[in-house]
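Coordinates from coords01.cif are shown below (mmCIF, C-alpha atoms).
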data_query
loop_
_atom_site.label_atom_id
_atom_site.label_comp_id
_atom_site.auth_asym_id
_atom_site.auth_seq_id
_atom_site.Cartn_x
_atom_site.Cartn_y
_atom_site.Cartn_z
CA MET B 1 -129.82 -145.89 -24.39
CA THR B 2 -128.06 -143.04 -26.16
CA GLY B 3 -126.41 -145.22 -28.78
CA THR B 4 -123.05 -145.07 -27.03
CA GLU B 5 -124.07 -146.76 -23.78
CA MET B 6 -123.34 -150.45 -23.76
CA HIS B 7 -125.45 -153.25 -22.30
CA ILE B 8 -125.46 -157.03 -22.23
CA PRO B 9 -128.18 -158.41 -24.51
CA ALA B 10 -130.68 -161.00 -23.37
CA GLU B 11 -129.76 -164.49 -24.48
CA TRP B 12 -132.98 -164.87 -26.49
CA GLU B 13 -132.04 -162.01 -28.81
CA GLN B 14 -130.76 -162.82 -32.30
CA HIS B 15 -127.44 -164.69 -32.48
CA GLN B 16 -124.64 -164.54 -34.98
CA ALA B 17 -123.54 -167.98 -33.80
CA THR B 18 -123.10 -170.26 -30.81
CA LEU B 19 -119.57 -170.56 -29.43
CA LEU B 20 -118.42 -174.05 -28.38
CA SER B 21 -115.07 -175.66 -27.57
CA PHE B 22 -114.64 -179.27 -28.58
CA PRO B 23 -113.73 -181.41 -25.54
CA HIS B 24 -110.17 -182.67 -25.30
CA ASN B 25 -109.61 -182.99 -21.53
CA HIS B 26 -110.41 -186.62 -20.65
CA LEU B 27 -110.45 -185.77 -16.94
CA ASP B 28 -113.56 -183.63 -17.38
CA TRP B 29 -115.60 -186.76 -18.17
CA PRO B 30 -113.93 -189.56 -16.18
CA GLY B 31 -114.82 -192.89 -17.72
CA LYS B 32 -117.25 -191.28 -20.16
CA PHE B 33 -115.08 -189.15 -22.40
CA GLN B 34 -115.88 -191.09 -25.57
CA ALA B 35 -119.61 -190.96 -24.87
CA ALA B 36 -119.42 -187.25 -24.04
CA ARG B 37 -117.49 -186.60 -27.25
CA TRP B 38 -120.25 -188.13 -29.39
CA ALA B 39 -122.91 -186.33 -27.36
CA PHE B 40 -121.06 -183.13 -28.23
CA VAL B 41 -121.03 -184.05 -31.94
CA ASP B 42 -124.78 -184.59 -31.77
CA LEU B 43 -125.23 -181.23 -30.05
CA ILE B 44 -123.27 -179.46 -32.80
CA ASN B 45 -125.35 -181.25 -35.43
CA LYS B 46 -128.59 -180.06 -33.86
CA ILE B 47 -127.41 -176.48 -33.26
CA THR B 48 -126.36 -176.05 -36.90
CA ARG B 49 -129.96 -176.61 -37.96
CA TYR B 50 -130.73 -173.23 -36.40
CA GLU B 51 -127.55 -171.16 -36.47
CA PRO B 52 -123.79 -171.38 -37.16
CA VAL B 53 -121.31 -172.80 -34.66
CA MET B 54 -117.97 -171.18 -33.86
CA LEU B 55 -115.91 -174.12 -32.67
CA VAL B 56 -112.70 -173.76 -30.65
CA VAL B 57 -110.14 -176.51 -31.22
CA LYS B 58 -106.74 -176.83 -29.56
CA SER B 59 -104.61 -177.24 -32.70
CA SER B 60 -104.71 -177.82 -36.45
CA GLY B 61 -104.35 -181.55 -35.78
CA HIS B 62 -107.28 -181.44 -33.37
CA GLN B 63 -109.30 -179.59 -36.01
CA SER B 64 -108.71 -182.37 -38.54
CA TYR B 65 -109.75 -184.94 -35.95
CA VAL B 66 -112.93 -183.04 -35.13
CA GLU B 67 -113.78 -182.46 -38.79
CA ASN B 68 -113.65 -186.21 -39.33
CA LEU B 69 -116.07 -186.81 -36.46
CA LEU B 70 -118.49 -184.18 -37.73
CA ASN B 71 -118.32 -185.57 -41.27
CA ARG B 72 -119.15 -189.05 -39.96
CA ALA B 73 -122.22 -187.57 -38.26
CA HIS B 74 -123.21 -185.65 -41.44
CA VAL B 75 -122.94 -182.23 -39.81
CA ASP B 76 -123.35 -179.34 -42.25
CA LYS B 77 -119.71 -178.26 -42.56
CA GLU B 78 -120.74 -174.90 -44.02
CA LYS B 79 -122.28 -174.03 -40.65
CA VAL B 80 -119.11 -174.70 -38.60
CA SER B 81 -116.11 -172.37 -38.41
CA TYR B 82 -112.96 -173.26 -36.48
CA ILE B 83 -110.91 -171.16 -34.08
CA ILE B 84 -107.58 -172.57 -32.95
CA CYS B 85 -106.90 -171.86 -29.28
CA ASP B 86 -105.41 -174.30 -26.82
CA THR B 87 -107.54 -174.45 -23.67
CA ASP B 88 -107.58 -176.25 -20.36
CA ARG B 89 -111.28 -177.09 -20.56
CA SER B 90 -114.34 -176.65 -22.78
CA TRP B 91 -116.66 -174.58 -20.59
CA MET B 92 -117.16 -171.53 -22.83
CA ARG B 93 -119.87 -170.06 -20.64
CA ASP B 94 -117.27 -169.33 -17.99
CA SER B 95 -113.98 -168.76 -19.81
CA GLY B 96 -115.39 -167.15 -22.96
CA PRO B 97 -115.97 -163.41 -23.40
CA VAL B 98 -119.12 -161.52 -22.44
CA ILE B 99 -120.31 -159.62 -25.53
CA ARG B 100 -121.98 -156.29 -24.89
CA LYS B 101 -123.74 -154.05 -27.42
CA SER B 102 -124.98 -150.55 -27.99
CA ASP B 103 -128.47 -149.98 -29.35
CA LYS B 104 -126.74 -149.23 -32.67
CA GLY B 105 -125.40 -152.78 -32.76
CA GLU B 106 -121.79 -151.95 -31.90
CA ARG B 107 -120.19 -154.85 -30.04
CA GLU B 108 -117.36 -155.17 -27.54
CA ALA B 109 -115.92 -158.25 -25.85
CA LEU B 110 -115.46 -158.05 -22.09
CA HIS B 111 -112.55 -159.99 -20.65
CA PHE B 112 -113.40 -160.99 -17.10
CA LYS B 113 -110.59 -162.91 -15.44
CA PHE B 114 -111.15 -166.65 -15.03
CA ASN B 115 -109.59 -168.38 -11.99
CA GLY B 116 -110.80 -171.97 -12.39
CA TRP B 117 -113.93 -171.27 -10.31
CA GLY B 118 -111.66 -170.52 -7.37
CA LYS B 119 -110.94 -174.25 -7.19
CA TYR B 120 -108.61 -175.56 -9.90
CA ASP B 121 -105.04 -174.57 -10.70
CA ASN B 122 -105.04 -175.47 -14.40
CA TYR B 123 -106.90 -172.55 -15.97
CA ARG B 124 -104.20 -170.34 -17.49
CA LYS B 125 -104.72 -171.55 -21.06
CA ASP B 126 -108.39 -170.61 -20.70
CA LEU B 127 -107.37 -166.98 -20.11
CA ALA B 128 -106.50 -166.76 -23.82
CA VAL B 129 -110.06 -167.47 -24.97
CA PRO B 130 -111.58 -163.93 -24.81
CA PRO B 131 -108.70 -162.26 -26.74
CA VAL B 132 -108.81 -164.96 -29.43
CA ILE B 133 -112.58 -164.67 -29.84
CA ALA B 134 -112.45 -160.87 -29.95
CA ARG B 135 -109.84 -161.02 -32.72
CA TYR B 136 -111.93 -163.54 -34.62
CA LEU B 137 -114.98 -161.27 -34.39
CA THR B 138 -112.84 -158.16 -35.06
CA ILE B 139 -114.33 -156.33 -32.09
CA PRO B 140 -112.61 -154.44 -29.24
CA LEU B 141 -111.53 -156.37 -26.15
CA ILE B 142 -112.06 -154.65 -22.80
CA GLN B 143 -110.26 -155.94 -19.71
CA VAL B 144 -112.67 -155.50 -16.81
CA SER B 145 -111.12 -154.04 -13.67
CA TYR B 146 -112.42 -152.43 -10.51
CA ASN B 147 -110.36 -150.46 -8.01
CA ASN B 148 -107.25 -151.42 -9.99
CA ARG B 149 -108.02 -155.16 -9.75
CA ASN B 150 -108.97 -157.49 -12.58
CA VAL B 151 -112.47 -158.78 -11.91
CA VAL B 152 -113.16 -162.52 -11.79
CA LEU B 153 -116.59 -163.46 -13.12
CA GLU B 154 -118.00 -166.50 -14.93
CA GLY B 155 -120.88 -166.32 -17.35
CA GLY B 156 -122.77 -169.04 -15.50
CA ALA B 157 -122.80 -166.89 -12.36
CA ILE B 158 -125.14 -164.31 -13.89
CA ASP B 159 -128.34 -164.18 -15.91
CA ASN B 160 -129.93 -161.01 -17.28
CA ASN B 161 -133.07 -159.79 -19.01
CA GLY B 162 -131.43 -157.44 -21.53
CA ASN B 163 -133.23 -154.54 -19.88
CA GLY B 164 -131.12 -153.66 -16.86
CA THR B 165 -131.83 -156.51 -14.41
CA LEU B 166 -129.43 -159.30 -13.46
CA ILE B 167 -129.76 -162.36 -11.20
CA THR B 168 -126.88 -163.96 -9.32
CA THR B 169 -126.21 -165.84 -6.09
CA GLU B 170 -124.53 -165.01 -2.82
CA GLU B 171 -123.03 -168.50 -2.61
CA CYS B 172 -120.97 -167.94 -5.74
CA LEU B 173 -119.94 -164.28 -5.61
CA MET B 174 -119.88 -163.56 -1.88
CA ASP B 175 -118.01 -166.65 -0.68
CA GLN B 176 -114.79 -165.64 1.08
CA VAL B 177 -113.73 -169.11 2.29
CA ASN B 178 -114.16 -171.96 -0.21
CA GLN B 179 -114.15 -170.91 -3.87
CA VAL B 180 -113.22 -167.24 -3.77
CA ARG B 181 -113.50 -165.08 -6.87
CA ASN B 182 -112.77 -161.53 -5.70
CA PRO B 183 -111.51 -161.36 -2.10
CA GLY B 184 -113.13 -158.57 -0.13
CA PHE B 185 -115.70 -157.52 -2.74
CA SER B 186 -119.07 -156.46 -1.33
CA LYS B 187 -122.47 -156.62 -2.97
CA SER B 188 -122.23 -152.92 -3.76
CA ASP B 189 -118.86 -153.55 -5.46
CA TYR B 190 -120.42 -156.16 -7.72
CA GLU B 191 -123.42 -153.95 -8.42
CA ASN B 192 -121.08 -151.14 -9.45
CA ILE B 193 -119.20 -153.53 -11.75
CA PHE B 194 -122.44 -154.74 -13.34
CA ARG B 195 -123.67 -151.18 -13.82
CA GLU B 196 -120.44 -149.85 -15.29
CA ASN B 197 -119.78 -152.77 -17.63
CA LEU B 198 -123.09 -154.51 -18.36
CA GLY B 199 -125.65 -151.70 -18.18
CA ILE B 200 -127.30 -153.29 -15.15
CA ARG B 201 -129.42 -151.06 -12.91
CA ASN B 202 -130.94 -153.73 -10.67
CA VAL B 203 -129.47 -156.90 -9.15
CA ILE B 204 -131.54 -159.72 -7.67
CA TRP B 205 -129.49 -161.70 -5.15
CA LEU B 206 -130.49 -165.31 -4.60
CA GLY B 207 -128.97 -167.53 -1.91
CA LYS B 208 -127.48 -170.90 -2.83
CA GLY B 209 -127.20 -173.06 -5.92
CA ILE B 210 -127.86 -176.79 -6.19
CA GLU B 211 -125.95 -179.70 -4.72
CA GLY B 212 -123.24 -181.14 -6.94
CA ASP B 213 -122.52 -177.81 -8.59
CA ASP B 214 -118.74 -177.72 -8.96
CA THR B 215 -118.89 -173.94 -9.44
CA HIS B 216 -120.29 -173.32 -5.94
CA GLY B 217 -123.59 -171.69 -6.76
CA HIS B 218 -123.96 -170.76 -10.42
CA VAL B 219 -127.35 -169.26 -11.11
CA ASP B 220 -127.79 -170.95 -14.51
CA ASP B 221 -128.87 -174.19 -12.82
CA ILE B 222 -131.53 -172.57 -10.66
CA CYS B 223 -133.08 -169.44 -12.20
CA ARG B 224 -133.19 -167.93 -15.71
CA PHE B 225 -134.96 -165.01 -17.35
CA ILE B 226 -137.28 -165.85 -20.23
CA SER B 227 -138.56 -162.29 -20.74
CA ARG B 228 -138.12 -158.87 -19.19
CA ASN B 229 -140.10 -159.71 -16.05
CA ILE B 230 -140.56 -163.49 -16.11
CA VAL B 231 -138.13 -166.07 -14.75
CA VAL B 232 -138.19 -169.84 -14.61
CA ALA B 233 -136.92 -171.18 -11.30
CA ALA B 234 -136.05 -174.68 -10.15
CA ARG B 235 -138.13 -176.33 -7.43
CA GLU B 236 -137.53 -179.55 -5.50
CA THR B 237 -140.70 -180.81 -3.80
CA ASN B 238 -139.02 -183.70 -1.97
CA ARG B 239 -138.30 -182.29 1.49
CA LYS B 240 -135.68 -184.99 2.09
CA ASP B 241 -133.63 -183.83 -0.88
CA GLY B 242 -130.73 -181.50 -0.10
CA ASN B 243 -131.93 -179.02 -2.71
CA HIS B 244 -135.41 -178.55 -1.25
CA PHE B 245 -134.83 -175.80 1.31
CA LYS B 246 -132.19 -174.01 -0.79
CA LEU B 247 -134.55 -173.67 -3.73
CA GLU B 248 -137.53 -172.77 -1.55
CA GLU B 249 -135.54 -169.91 -0.04
CA ASN B 250 -134.68 -168.68 -3.52
CA LEU B 251 -138.35 -168.79 -4.47
CA GLU B 252 -139.20 -166.70 -1.43
CA ARG B 253 -136.67 -164.08 -2.50
CA LEU B 254 -138.09 -164.04 -6.02
CA GLN B 255 -141.59 -163.40 -4.68
CA ASP B 256 -140.42 -160.00 -3.49
CA ALA B 257 -138.24 -159.18 -6.51
CA CYS B 258 -138.83 -156.48 -9.12
CA ASP B 259 -137.15 -155.62 -12.40
CA ALA B 260 -135.25 -152.39 -13.06
CA SER B 261 -138.47 -150.52 -13.83
CA GLY B 262 -140.05 -151.57 -10.52
CA GLU B 263 -142.37 -154.16 -12.06
CA LYS B 264 -142.89 -157.40 -10.14
CA ILE B 265 -140.96 -160.46 -11.30
CA ASN B 266 -143.25 -163.32 -12.31
CA VAL B 267 -142.00 -166.79 -11.44
CA VAL B 268 -142.71 -170.07 -13.25
CA THR B 269 -141.38 -173.12 -11.40
CA ILE B 270 -139.63 -176.01 -13.14
CA PRO B 271 -139.26 -179.39 -11.39
CA MET B 272 -135.86 -180.85 -10.63
CA PRO B 273 -134.99 -184.26 -12.09
CA ALA B 274 -134.19 -187.11 -9.74
CA ARG B 275 -130.66 -187.01 -8.37
CA ILE B 276 -127.87 -188.58 -10.41
CA ASP B 277 -124.76 -189.83 -8.60
CA PHE B 278 -121.32 -190.80 -9.86
CA GLU B 279 -119.04 -192.50 -7.35
CA LYS B 280 -119.14 -190.13 -4.34
CA LEU B 281 -120.43 -187.13 -6.30
CA ARG B 282 -123.91 -185.85 -6.89
CA LEU B 283 -124.11 -184.47 -10.42
CA PRO B 284 -125.71 -181.05 -11.09
CA ALA B 285 -128.62 -182.22 -13.25
CA SER B 286 -131.06 -179.37 -13.92
CA TYR B 287 -133.50 -178.44 -16.66
CA LEU B 288 -132.55 -174.78 -16.15
CA ASN B 289 -129.23 -175.25 -17.99
CA PHE B 290 -131.04 -174.72 -21.31
CA ILE B 291 -129.79 -172.64 -24.24
CA TYR B 292 -131.50 -170.26 -26.62
CA LEU B 293 -130.92 -170.60 -30.34
CA ASN B 294 -132.43 -168.62 -33.18
CA GLU B 295 -136.03 -169.94 -33.28
CA ALA B 296 -135.32 -172.77 -30.80
CA LEU B 297 -134.77 -173.70 -27.17
CA PHE B 298 -132.62 -176.71 -26.27
CA VAL B 299 -133.36 -178.22 -22.85
CA PRO B 300 -131.12 -180.82 -21.17
CA VAL B 301 -132.98 -184.01 -20.28
CA PHE B 302 -131.84 -186.98 -18.22
CA ASN B 303 -133.97 -190.06 -19.04
CA ASP B 304 -136.05 -189.03 -16.05
CA ARG B 305 -139.80 -189.29 -15.52
CA LYS B 306 -139.93 -185.52 -15.02
CA ASP B 307 -138.39 -184.80 -18.43
CA TYR B 308 -141.78 -184.61 -20.11
CA LEU B 309 -143.14 -182.31 -17.37
CA ALA B 310 -140.28 -179.85 -17.83
CA LEU B 311 -140.50 -179.97 -21.63
CA GLY B 312 -144.25 -179.44 -21.44
CA ILE B 313 -143.81 -176.28 -19.38
CA PHE B 314 -141.20 -174.96 -21.80
CA HIS B 315 -143.47 -175.73 -24.77
CA GLU B 316 -146.20 -173.61 -23.18
CA LEU B 317 -143.78 -170.79 -22.40
CA PHE B 318 -142.23 -170.74 -25.89
CA PRO B 319 -145.01 -171.42 -28.43
CA ASP B 320 -143.01 -169.69 -31.19
CA ARG B 321 -139.80 -171.70 -30.68
CA ASP B 322 -138.91 -175.29 -31.34
CA VAL B 323 -138.43 -176.77 -27.86
CA ILE B 324 -136.08 -179.74 -28.11
CA GLY B 325 -134.86 -182.05 -25.37
CA ILE B 326 -131.16 -182.88 -25.57
CA ASN B 327 -130.03 -186.04 -23.78
CA ALA B 328 -127.48 -184.75 -21.26
CA THR B 329 -126.91 -187.89 -19.18
CA ASP B 330 -123.37 -188.21 -20.54
CA LEU B 331 -122.58 -184.50 -20.64
CA VAL B 332 -123.54 -183.97 -16.98
CA TRP B 333 -120.75 -186.40 -16.00
CA GLY B 334 -118.49 -183.39 -16.63
CA LEU B 335 -120.47 -181.40 -14.00
CA GLY B 336 -122.27 -179.19 -16.51
CA THR B 337 -124.50 -179.39 -19.57
CA LEU B 338 -125.74 -177.19 -22.42
CA HIS B 339 -125.52 -173.69 -21.02
CA CYS B 340 -122.22 -174.33 -19.27
CA LEU B 341 -120.62 -175.57 -22.48
CA SER B 342 -121.81 -172.80 -24.78
CA ARG B 343 -121.90 -169.05 -25.20
CA GLU B 344 -124.18 -167.13 -27.53
CA ILE B 345 -122.56 -164.59 -29.86
CA PRO B 346 -125.06 -161.73 -30.25
CA ALA B 347 -125.79 -160.66 -33.81
CA ARG B 348 -124.17 -157.49 -35.10
CA GLU B 349 -127.50 -155.66 -35.40
#

Could I get this structure in the form of structure tokens?
Amino acid sequence: MTGTEMHIPAEWEQHQATLLSFPHNHLDWPGKFQAARWAFVDLINKITRYEPVMLVVKSSGHQSYVENLLNRAHVDKEKVSYIICDTDRSWMRDSGPVIRKSDKGEREALHFKFNGWGKYDNYRKDLAVPPVIARYLTIPLIQVSYNNRNVVLEGGAIDNNGNGTLITTEECLMDQVNQVRNPGFSKSDYENIFRENLGIRNVIWLGKGIEGDDTHGHVDDICRFISRNIVVAARETNRKDGNHFKLEENLERLQDACDASGEKINVVTIPMPARIDFEKLRLPASYLNFIYLNEALFVPVFNDRKDYLALGIFHELFPDRDVIGINATDLVWGLGTLHCLSREIPARE
């Protein structure tokens, strides 16, 4: 880095805060909105033990309502700041800004277009989130375009190691039929976009995401970097499960993968929890939807017998962090959990 080149930091680097948006759309948690709301309060309470929370609320009235909930749960109010911005949904990983930095600590907010995962029509309020957050942070906002087109990209579609390598999936970005983000874009187009805007020199393309994923293949449920050349990857050993062959193919691709410096990627496998169904839907339960906090790692758990296995692996991988299981059985009713709901705000320096 020259000091002027910008890159996307790794998520485990120091945070200024965690960005969240307090749920207000009852349809995101059908039949479980009240339970999900209190699960969200508990999540805020636990996050504030490690770092501040920047909390998006839809109005001043909504802020007062949320403040009352947090007070009832004895959340440290000094650790929560409020940003008023009406939104369609609360999934900050996908509608929030991508923050990039120089090695001098200068920050910019990237505004990738959000199109409701190529599936939903009610997303236009969410388009206001990156400009509002950039103003709050008093940093420049950069609209990302390529060949005179605004680029659609969700944060859950990518994961990076902070050192020039990014992982994504073909199912999400290359689909031209079902949930289309950028019609006609090729892999080389995306790689150019990642290089020009995120400082990425190497892209690892996986195949498909897990069943029940409403986003059509987000990588943050199947594979995540935990260091420059180590990833954790989901594995389903039950051959009768619909995720088995998808995840095995991804593991085969990772066996041949290298980072931007040409060093082999090391893979640690994480088991999948047993499937969870709601009505006719399979829910996207995965331990890979974890979040980094300053000095901690929060892992979604599902009252499953494999919870302790996953947490044990994470404890071994992160001996210097507090590894904490967060009950996500209510949150996953909204088709996402911890990582989907949050976005780290990198520290200034």

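Minimum atom-to-atom distances from B:Glu263, B:Glu316, B:Asp28, B:Asp220 to Trp91 (chain B) were compared using all atoms listed in the file, and the lowest value belongs to B:Asp28.
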
Please evaluate the PyMOL selection byres ((chain B and resi 124-141) around 9) against the structure above and give the resulting residues as number ranges by chain.
B: 56, 83-90, 92, 95-98, 106-116, 121-123, 142-143

Quick one: contact table of region 119-210 of chain B to region 5-17 of chain B, 6 Å max, nearest atom pair and distance in Å to one decimal per residue, counting all atoms listed in the file, chain and number order, as a Markdown table?
| residue | atom | partner | partner_atom | distance |
| --- | --- | --- | --- | --- |
| B:Asn161 | CA | B:Ala10 | CA | 5.1 |
| B:Gly162 | CA | B:Ala10 | CA | 4.1 |
| B:Leu198 | CA | B:His7 | CA | 4.8 |
| B:Gly199 | CA | B:His7 | CA | 4.4 |

Min atom-atom distance to Asp320 (chain B) from the set B:Glu295, B:Asp307, B:Asp214, B:Glu171, counting only C-alpha atoms, belongs to B:Glu295

Edge lengths and centre, in Å to one decimal, as JSON: that's what I need for the box along x, y and z that holds all listed atoms of region 251-261 of chain B plus 8 Å on each side.
{"center_x": -138.4, "center_y": -159.7, "center_z": -7.6, "size_x": 22.3, "size_y": 34.3, "size_z": 28.4}

Would you list the contacts of Ile210 (chain B) as a PyMOL selection string, taking every protein, DNA or RNA residue within 8 Å and counting only C-alpha atoms, but skipping same-chain residues closer than 4 positions in sequence?
chain B and resi 217+221-222+243+246-247+284

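From CA of Glu344 (chain B) back to CA of Arg235 (chain B), the distance works out to 26.1 Å.
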
re CA of Lys79 (chain B) and CA of Phe33 (chain B): distance 24.8 Å

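Considering all atoms listed in the file, the residue among B:His24, B:His339, B:Lys32, B:Arg282 positioned nearest to Lys58 (chain B) is B:His24.
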
Review point. Which residues match the PyMOL selection byres ((chain B and resi 61-74) around 9) in the file above, as a ChimeraX atom specification?
Key: /B:22,24,38,41-42,44-45,56-60,75-77,82-84

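The interatomic distance for the pair CA of Thr337 (chain B) and CA of Thr169 (chain B) works out to 19.2 Å.
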
At most 10 Å from (-122.1, -185.3, -23.3), file frame, all atoms listed in the file: which residues, as a ChimeraX atom specification?
/B:23,29,32-43,326-334,336-338,341

Original post:
Which residues fall under the PyMOL selection byres ((chain B and resi 156) around 7) in this file, as a VMD selection string?
Top reply: chain B and resid 93 to 94 154 to 155 157 to 158 218 to 220 340

Min atom-atom distance to Leu311 (chain B) from the set B:Ile270, B:Ile276, B:Leu20, B:Leu251, counting only C-alpha atoms, belongs to B:Ile270

Selection as a PDB file with C-alpha atoms, in the frame of the given file: residues within 8 Å of (-127.7, -178.6, -1.9), counting only C-alpha atoms:
ATOM      1  CA  LYS B 208    -127.480-170.900  -2.830  1.00  0.00           C
ATOM      2  CA  GLY B 209    -127.200-173.060  -5.920  1.00  0.00           C
ATOM      3  CA  ILE B 210    -127.860-176.790  -6.190  1.00  0.00           C
ATOM      4  CA  GLU B 211    -125.950-179.700  -4.720  1.00  0.00           C
ATOM      5  CA  GLY B 212    -123.240-181.140  -6.940  1.00  0.00           C
ATOM      6  CA  ASP B 241    -133.630-183.830  -0.880  1.00  0.00           C
ATOM      7  CA  GLY B 242    -130.730-181.500  -0.100  1.00  0.00           C
ATOM      8  CA  ASN B 243    -131.930-179.020  -2.710  1.00  0.00           C
ATOM      9  CA  HIS B 244    -135.410-178.550  -1.250  1.00  0.00           C
ATOM     10  CA  LYS B 246    -132.190-174.010  -0.790  1.00  0.00           C
TER      11      LYS B 246
END

Check your understanding: Can you list, as a ChimeraX atom specification, every protein, DNA or RNA residue that comes within 10 Å of Leu309 (chain B) when you count all atoms listed in the file, leaving out same-chain residues fewer than 6 positions away?
Key -> /B:270-271,273,315

Skipping near chain neighbours, those fewer than 4 positions away, what residues fall within 10 Å of Glu196 (chain B) using only C-alpha atoms, listed as a CSV table (one decimal) with C-alpha atoms, in the frame of the given file?
chain,number,residue,atom,x,y,z
B,5,GLU,CA,-124.1,-146.8,-23.8
B,6,MET,CA,-123.3,-150.4,-23.8
B,7,HIS,CA,-125.4,-153.2,-22.3
B,144,VAL,CA,-112.7,-155.5,-16.8
B,146,TYR,CA,-112.4,-152.4,-10.5
B,190,TYR,CA,-120.4,-156.2,-7.7
B,191,GLU,CA,-123.4,-154.0,-8.4
B,192,ASN,CA,-121.1,-151.1,-9.4
B,200,ILE,CA,-127.3,-153.3,-15.2
B,201,ARG,CA,-129.4,-151.1,-12.9

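Comparing the minimum interatomic distances between Phe314 (chain B) and each of B:Ser286, B:Thr168, B:Ser342, B:Thr269, counting only C-alpha atoms, we find that B:Thr269 sits nearest.
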
Your completed region 81-95 of chain B with N, CA and C atoms, as a short mmCIF file (atom, residue, chain, number, x, y, z; two decimals), keeping the file's coordinate frame:
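Written file, out37.cif:
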data_model
loop_
_atom_site.label_atom_id
_atom_site.label_comp_id
_atom_site.auth_asym_id
_atom_site.auth_seq_id
_atom_site.Cartn_x
_atom_site.Cartn_y
_atom_site.Cartn_z
N SER B 81 -117.40 -173.02 -38.21
CA SER B 81 -116.11 -172.37 -38.41
C SER B 81 -115.21 -172.71 -37.23
N TYR B 82 -113.91 -172.78 -37.49
CA TYR B 82 -112.96 -173.26 -36.48
C TYR B 82 -112.05 -172.12 -36.01
N ILE B 83 -111.79 -172.13 -34.72
CA ILE B 83 -110.91 -171.16 -34.08
C ILE B 83 -109.87 -171.95 -33.30
N ILE B 84 -108.62 -171.82 -33.64
CA ILE B 84 -107.58 -172.57 -32.95
C ILE B 84 -107.13 -171.81 -31.70
N CYS B 85 -107.31 -172.45 -30.57
CA CYS B 85 -106.90 -171.86 -29.28
C CYS B 85 -106.78 -173.00 -28.27
N ASP B 86 -105.60 -173.25 -27.81
CA ASP B 86 -105.41 -174.30 -26.82
C ASP B 86 -106.05 -173.87 -25.50
N THR B 87 -106.83 -174.75 -24.91
CA THR B 87 -107.54 -174.45 -23.67
C THR B 87 -107.30 -175.54 -22.64
N ASP B 88 -107.61 -175.23 -21.40
CA ASP B 88 -107.58 -176.25 -20.36
C ASP B 88 -108.85 -177.08 -20.37
N ARG B 89 -109.98 -176.42 -20.59
CA ARG B 89 -111.28 -177.09 -20.56
C ARG B 89 -112.17 -176.53 -21.66
N SER B 90 -113.42 -176.99 -21.69
CA SER B 90 -114.34 -176.65 -22.78
C SER B 90 -115.54 -175.83 -22.33
N TRP B 91 -115.48 -175.23 -21.14
CA TRP B 91 -116.66 -174.58 -20.59
C TRP B 91 -116.70 -173.11 -21.01
N MET B 92 -117.20 -172.87 -22.24
CA MET B 92 -117.16 -171.53 -22.83
C MET B 92 -118.04 -170.52 -22.10
N ARG B 93 -119.04 -171.00 -21.40
CA ARG B 93 -119.87 -170.06 -20.64
C ARG B 93 -119.04 -169.29 -19.63
N ASP B 94 -118.02 -169.93 -19.09
CA ASP B 94 -117.27 -169.33 -17.99
C ASP B 94 -115.94 -168.72 -18.41
N SER B 95 -115.27 -169.31 -19.38
CA SER B 95 -113.98 -168.76 -19.81
C SER B 95 -114.09 -167.89 -21.05
#
